[in-house]
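Engineer: First, the structure itself, so that you have it in front of you.
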Amino acid sequence: MSKTKISDYDPLLFQGIAHRGLWNDEYTENGLKAFKNAIDHHCAFELDIHLTKDGELVVCHDGELERTTGKKGRIEHLTLAEIKSDYRLHDGGEIPTMKEVLELTNEQVPIVVELKVEEKNYKALGKKAAEFFNDIRDKRKITFISFDPRALHYARKAPYTRGLLLIHHRYFARICRHMNHYLDVEDVLVDKKAVVSYRKKGHPINVWTIEKEEDLVRVAPYVDMITFQKLPLERVREEIAKYRK
């Protein structure tokens, strides 16, 4: 797979990525209010997409809705109409569709889109994602990530960068790392030899999810992008700036 250039990425991605939007005690994660807060702060943000029973893309981290709405229900077992009529986020907002997020954002800031595979739907999800984002004018405004390389494989026809998510117990799937443009690694992996070597070859590294000051300081020298939560955006950007030319 061809190597990407820094110019293939929106510059805001290198200035901090708000995990599930810029959420707080007032704005629920992965809700339009949290995304609007990120936009207002001119900050890139990450979100998670699922396929509903009727094949629509909705934004939520968990497949199960109870944690963010207080009511049980699995996204993949519900239609979009059922989700919209029967569920509300803790901040009172609706569970957004990906279409609603794009309308809100209007390409003002880049979005890191995580493909959340449930019940082995990696093919349907990857293909839907590839088709859905066709109308984006600035192709740097979207980048795909997933723990499931198969979903990224089926999304590969879309003209967007792709990052493979890695967690410690799934450390460095060698056969998968060359299929994507960058790695999106858990913070404990940033200084591992294989990750450092991969970055030296010109592939960007993103790290997730940084929420403590000491972890921010520790990972910043090793990565190009930082996905964060519960930290002030200004502090994240201050630390990032120490290692940017």
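All residue names refer to the structure tokens as shown: chains lettered A, B, ... in order, residues numbered from 1 in each chain, ligands numbered from 1 in order.
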As a ChimeraX atom specification, list the residues of region 10-239 of chain A assigned to helix (DSSP H, G or I) by DSSP on the backbone atoms of this structure.
Structural biologist: /A:11-15,32-40,66-69,75-77,80-86,98-105,122-135,139-141,149-154,168-170,174-177,187-189,193-200,213-222,233-239
Engineer: Since we have the selection now, will you write its residues out, keeping C-alpha atoms, as a CSV table (one decimal), in the first residue's frame?
Structural biologist:
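Result file follows (part-v4.csv):
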chain,number,residue,atom,x,y,z
A,11,PRO,CA,-3.9,19.9,9.7
A,12,LEU,CA,-6.4,19.9,12.6
A,13,LEU,CA,-5.9,16.2,13.1
A,14,PHE,CA,-2.4,17.0,14.3
A,15,GLN,CA,-3.7,19.5,16.9
A,32,LEU,CA,-24.7,16.7,18.5
A,33,LYS,CA,-24.1,19.0,21.5
A,34,ALA,CA,-20.6,17.5,22.0
A,35,PHE,CA,-19.8,17.7,18.3
A,36,LYS,CA,-21.0,21.3,18.2
A,37,ASN,CA,-18.7,22.1,21.1
A,38,ALA,CA,-15.8,20.6,19.2
A,39,ILE,CA,-16.7,22.6,16.1
A,40,ASP,CA,-16.9,25.8,18.2
A,66,GLU,CA,-28.4,1.7,27.9
A,67,ARG,CA,-25.2,3.5,29.1
A,68,THR,CA,-25.8,6.7,27.2
A,69,THR,CA,-29.6,6.7,27.2
A,75,ILE,CA,-28.6,-0.7,17.7
A,76,GLU,CA,-28.3,-3.6,15.3
A,77,HIS,CA,-31.6,-5.0,16.4
A,80,LEU,CA,-33.7,4.0,12.8
A,81,ALA,CA,-37.3,5.0,13.4
A,82,GLU,CA,-37.4,3.0,16.7
A,83,ILE,CA,-34.1,4.5,17.9
A,84,LYS,CA,-35.3,8.1,17.1
A,85,SER,CA,-38.7,7.6,18.7
A,86,ASP,CA,-37.8,5.6,21.8
A,98,MET,CA,-24.1,10.2,10.5
A,99,LYS,CA,-26.1,12.3,8.1
A,100,GLU,CA,-27.1,14.7,10.8
A,101,VAL,CA,-23.5,15.0,12.0
A,102,LEU,CA,-22.2,15.8,8.5
A,103,GLU,CA,-24.9,18.5,8.2
A,104,LEU,CA,-23.9,20.0,11.5
A,105,THR,CA,-20.2,19.9,10.7
A,122,TYR,CA,-17.9,-6.0,8.9
A,123,LYS,CA,-18.7,-6.3,5.1
A,124,ALA,CA,-22.0,-4.5,5.2
A,125,LEU,CA,-20.6,-1.8,7.5
A,126,GLY,CA,-17.5,-1.2,5.4
A,127,LYS,CA,-19.4,-1.1,2.2
A,128,LYS,CA,-22.0,1.3,3.6
A,129,ALA,CA,-19.3,3.6,4.9
A,130,ALA,CA,-17.5,3.6,1.6
A,131,GLU,CA,-20.8,4.6,-0.2
A,132,PHE,CA,-22.1,7.0,2.3
A,133,PHE,CA,-19.3,9.6,2.3
A,134,ASN,CA,-19.2,10.1,-1.5
A,135,ASP,CA,-20.3,13.7,-1.3
A,139,LYS,CA,-11.4,14.3,1.2
A,140,ARG,CA,-9.1,15.2,4.1
A,141,LYS,CA,-12.1,15.8,6.3
A,149,PRO,CA,-9.3,-4.8,9.4
A,150,ARG,CA,-12.0,-6.5,7.4
A,151,ALA,CA,-14.3,-3.5,7.8
A,152,LEU,CA,-11.5,-1.2,6.6
A,153,HIS,CA,-10.8,-3.6,3.7
A,154,TYR,CA,-14.4,-3.2,2.5
A,168,HIS,CA,-2.2,-4.4,23.7
A,169,HIS,CA,-3.7,-7.9,23.6
A,170,ARG,CA,-3.9,-7.6,19.8
A,174,ARG,CA,1.6,-7.8,10.8
A,175,ILE,CA,-0.5,-9.0,8.0
A,176,CYS,CA,-2.9,-6.1,8.5
A,177,ARG,CA,-0.6,-3.1,9.1
A,187,ASP,CA,-1.1,4.5,24.7
A,188,VAL,CA,1.0,1.5,26.1
A,189,LEU,CA,2.2,0.8,22.6
A,193,LYS,CA,10.0,-1.1,18.7
A,194,ALA,CA,7.6,-2.1,15.9
A,195,VAL,CA,5.5,1.0,16.3
A,196,VAL,CA,8.5,3.3,16.5
A,197,SER,CA,9.9,1.6,13.3
A,198,TYR,CA,6.6,1.9,11.5
A,199,ARG,CA,6.6,5.7,12.2
A,200,LYS,CA,10.2,6.1,11.1
A,213,GLU,CA,-1.6,14.9,32.2
A,214,GLU,CA,1.1,12.4,32.9
A,215,ASP,CA,0.1,10.3,29.9
A,216,LEU,CA,-0.1,13.3,27.6
A,217,VAL,CA,3.5,14.2,28.5
A,218,ARG,CA,4.6,10.6,28.1
A,219,VAL,CA,3.1,9.9,24.6
A,220,ALA,CA,3.6,13.2,22.9
A,221,PRO,CA,7.2,12.6,21.7
A,222,TYR,CA,6.2,9.3,20.0
A,233,LEU,CA,-7.8,21.3,24.5
A,234,GLU,CA,-5.4,24.1,25.0
A,235,ARG,CA,-3.2,21.9,27.2
A,236,VAL,CA,-3.2,19.1,24.6
A,237,ARG,CA,-2.2,21.6,21.9
A,238,GLU,CA,0.5,23.1,24.0
A,239,GLU,CA,2.2,19.7,24.6
Engineer: From a DSSP pass on the backbone, collect the residues of region 15-102 of chain A flagged as strand (DSSP E) and hand them back as a PyMOL selection string.
Structural biologist: chain A and resi 17-18+44-51+57-59
Engineer: Which residue is closest to Ile49 (chain A)? Choose from A:Gly63, A:Gly163, A:Gly92, A:Gly70 and count only C-alpha atoms.
Structural biologist: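 Looking only at the distances to Ile49 (chain A), the closest residue turns out to be A:Gly63.
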Engineer: At a cut-off of 8 Å, using only C-alpha atoms, what residues contact Glu64 (chain A)? Leave out same-chain residues fewer than 6 positions from it and give the result as a PyMOL selection string.
Structural biologist: chain A and resi 72-75
Engineer: What does the distance between CA of Tyr182 (chain A) and CA of His203 (chain A) come to in Å, to one decimal place?
Structural biologist: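 Separation of CA of Tyr182 (chain A) and CA of His203 (chain A): 5.5 Å.
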Engineer: Could you build a table of the residues in region 143-169 of chain A lying no more than 9 Å from region 110-115 of chain A, giving for each the nearest pair of atoms and their separation in Å rounded to one decimal place, using only C-alpha atoms, ordered by chain and ascending residue number, as JSON lines?
Structural biologist:
{"residue": "A:Thr143", "atom": "CA", "partner": "A:Val112", "partner_atom": "CA", "distance": 5.1}
{"residue": "A:Phe144", "atom": "CA", "partner": "A:Val113", "partner_atom": "CA", "distance": 4.9}
{"residue": "A:Ile145", "atom": "CA", "partner": "A:Glu114", "partner_atom": "CA", "distance": 4.7}
{"residue": "A:Ser146", "atom": "CA", "partner": "A:Leu115", "partner_atom": "CA", "distance": 5.2}
{"residue": "A:Phe147", "atom": "CA", "partner": "A:Leu115", "partner_atom": "CA", "distance": 8.0}
{"residue": "A:Asp148", "atom": "CA", "partner": "A:Leu115", "partner_atom": "CA", "distance": 8.1}
{"residue": "A:Ala151", "atom": "CA", "partner": "A:Leu115", "partner_atom": "CA", "distance": 7.0}
{"residue": "A:Leu152", "atom": "CA", "partner": "A:Leu115", "partner_atom": "CA", "distance": 7.9}
Engineer: Find the distance between CA of Ile167 (chain A) and CA of Ile205 (chain A) and write it in Å to one decimal.
Structural biologist: 13.4 Å
